[in-house]
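Everything on this sheet refers to the single structure shown next.
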Amino acid sequence: MIRLGNLTLDVPFYQAGLAGYSDAAMRLVARRHGCPYCVTEAMLDVFLIQGGKGLKAAELDPDDHPIAGQLMGSHPADIAQAAKILVGLGYDVIDVNLACPVKKIRKRSRGGHLLCQPQDAIAILDAVRQAVPPEVPTTVKLRRGTDDSPEAERDFHRIFEKVIEYGYAAATVHPRSVMQKYIGPSRWEFLRNLVQQYTPPSSSPVPCTPYPVPSFQIFGSGDIWTAADVFSMIEQTGVAAVSIARGCIGNPWIFAQCRAIATGDLDAANRPPTIAQQRQVLLDHFELSCRLHGERGASMMMRKFGIKFSRHHPDAANVAKAFIAVHTADEWHTVLDTFYTQAEPAMPIALVEN
């Protein structure tokens, strides 16, 4: 059982915010497969404040709970105002993004690029926590630092200690640097050391840090491609829960597989989705996307999902090519009728990692 303020998650994993992917359609499909909690992709504070499409896109489906609204911004007053807007829209948790490594946001000092400006990052964390009602948990997503320098590590710890001091419920840490982006392995040992430094032993009534917030949790992220990876990270690092990011794109079955591991059903955990199960998810995801984006928007949006989903199919290369060519709902259904109606293969198909 994982506590986030007054929220309780029954399993130690959840869907991360994924730029360009984790819209309501993807989140609802994930929930149908056992995901207990989702984070939105990062929303710019100024888009919410200005209203219009940015505010409309932040509206929630009644079934899309519990959910964290992830915010990204450069100015404390603006991000605090955006946090209040998300609370008013019914978000269960407010999450601050100090992790995004995208180069184009560097000049605006957003996301992970704030880690090299600790005073600014701390001011944002303080402003958000003060703007959000006490009963609404706040969380933060961070990378382990800007780069591999000692100065970057000191900056990370300076910010991290303020996260705890200000009463944030949890921090999700991706143990790659901002400069690494997604290249090279993530340093799980960084997570292990962080947990050992900032989490008191369960048997000890006295926190082992000077910032005693008993409910504070450290979550982990990075190199999670299979259900087994989730539990390997927990075992090797001691994090309380794991954020599943790129590993769940086109693979909502990872959440059901994680639940199977949690209950000891290893057969189910290792069972790949059948052709019939893949077809149903592809139908559901497209329908949900149409509700959200309209047929034309969904047809364009779902191409990239189709490529990811195709990796579960025995004829992955041809399926991917077919999805890339989709422009309409009829063409989407034609791909399904062509590739997803044949008899099940005699041998199970191994899940292919991204």
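Simple scheme: letters A, B, ... for chains in structure tokens order, numbers from 1 for residues in each chain, numbers from 1 for ligands in the order shown.
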Inset, instruction - Find the residues around Trp188 of chain A up to 8 Å (only C-alpha atoms counted), leave out those fewer than 6 positions away in its own chain, and share them as an NGL selection string. - result: :A and (175 or 233 or 236-237)
Legend entry - Non-local contacts of Ala227 of chain A (6 Å; only C-alpha atoms; under 3 positions in same chain excluded) as a PyMOL selection string: chain A and resi 230+254+257-258
Inset, instruction - Apply DSSP to the structure's backbone, then extract all residues of segment 22-244 of chain A labelled alpha helix (DSSP H) and return them as a PyMOL selection string. - result: chain A and resi 24-32+45-50+53-57+76-89+118-131+150-165+188-198+227-237
Legend entry - Nearest to Gln217 of chain A, chosen from A:Cys116, A:Ala170, A:Leu125, A:Ala298, with only C-alpha atoms counted in the distances: A:Ala170
Legend entry - Near-Asp78 of chain A list (12 Å; only C-alpha atoms; drop same-chain fewer than 4 positions) as a list in words: Leu44, Asp45, Val46, Phe47, Leu48, Ile49, Gln50, Leu71, Met72, Gly73, Ser74, Ala82, Ala83, Lys84, Ile85, Ala123, Ile124, Ala127, Val128 and Ala131 of chain A
Please dump the current selection as a short mmCIF file (atom, residue, chain, number, x, y, z; two decimals), in the first residue's frame; keep C-alpha atoms.
data_model
loop_
_atom_site.label_atom_id
_atom_site.label_comp_id
_atom_site.auth_asym_id
_atom_site.auth_seq_id
_atom_site.Cartn_x
_atom_site.Cartn_y
_atom_site.Cartn_z
CA LEU A 44 2.86 24.71 -19.19
CA ASP A 45 1.58 27.05 -16.51
CA VAL A 46 1.07 29.92 -18.95
CA PHE A 47 -1.20 27.82 -21.20
CA LEU A 48 -3.48 27.07 -18.26
CA ILE A 49 -3.52 30.68 -17.14
CA GLN A 50 -4.34 31.95 -20.63
CA LEU A 71 3.13 21.38 -14.17
CA MET A 72 6.14 22.99 -15.77
CA GLY A 73 7.08 26.65 -15.61
CA SER A 74 9.73 29.25 -14.90
CA ALA A 82 -1.66 27.14 -12.53
CA ALA A 83 -1.59 24.78 -9.55
CA LYS A 84 -4.72 26.44 -8.18
CA ILE A 85 -6.41 26.00 -11.56
CA ALA A 123 11.17 29.12 -5.08
CA ILE A 124 8.85 27.26 -7.46
CA ALA A 127 5.13 28.63 -4.25
CA VAL A 128 3.28 25.51 -5.41
CA ALA A 131 -0.81 27.61 -3.30
#
Legend entry - Near-Gly306 of chain A list (7 Å; only C-alpha atoms; drop same-chain fewer than 4 positions) as an NGL selection string: :A and (302 or 310 or 320 or 323)
If you keep C-alpha atoms, can you produce a file of those selected residues as a PDB file, in the first residue's frame?
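The new file result-v9.pdb reads:
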ATOM      1  CA  MET A 302      -2.767   6.895 -33.172  1.00  0.00           C
ATOM      2  CA  SER A 310       2.828  -3.531 -33.566  1.00  0.00           C
ATOM      3  CA  ALA A 320       3.861  -0.916 -38.370  1.00  0.00           C
ATOM      4  CA  PHE A 323      -0.437   1.867 -39.149  1.00  0.00           C
TER       5      PHE A 323
END
Inset, instruction - Compare A:Arg303, A:His33, A:Arg259, A:Arg311 by their minimum atom-to-atom distance to Ile275 of chain A, counting only C-alpha atoms, and give me the closest one. - result: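 Result for the nearest residue to Ile275 of chain A: A:Arg311.
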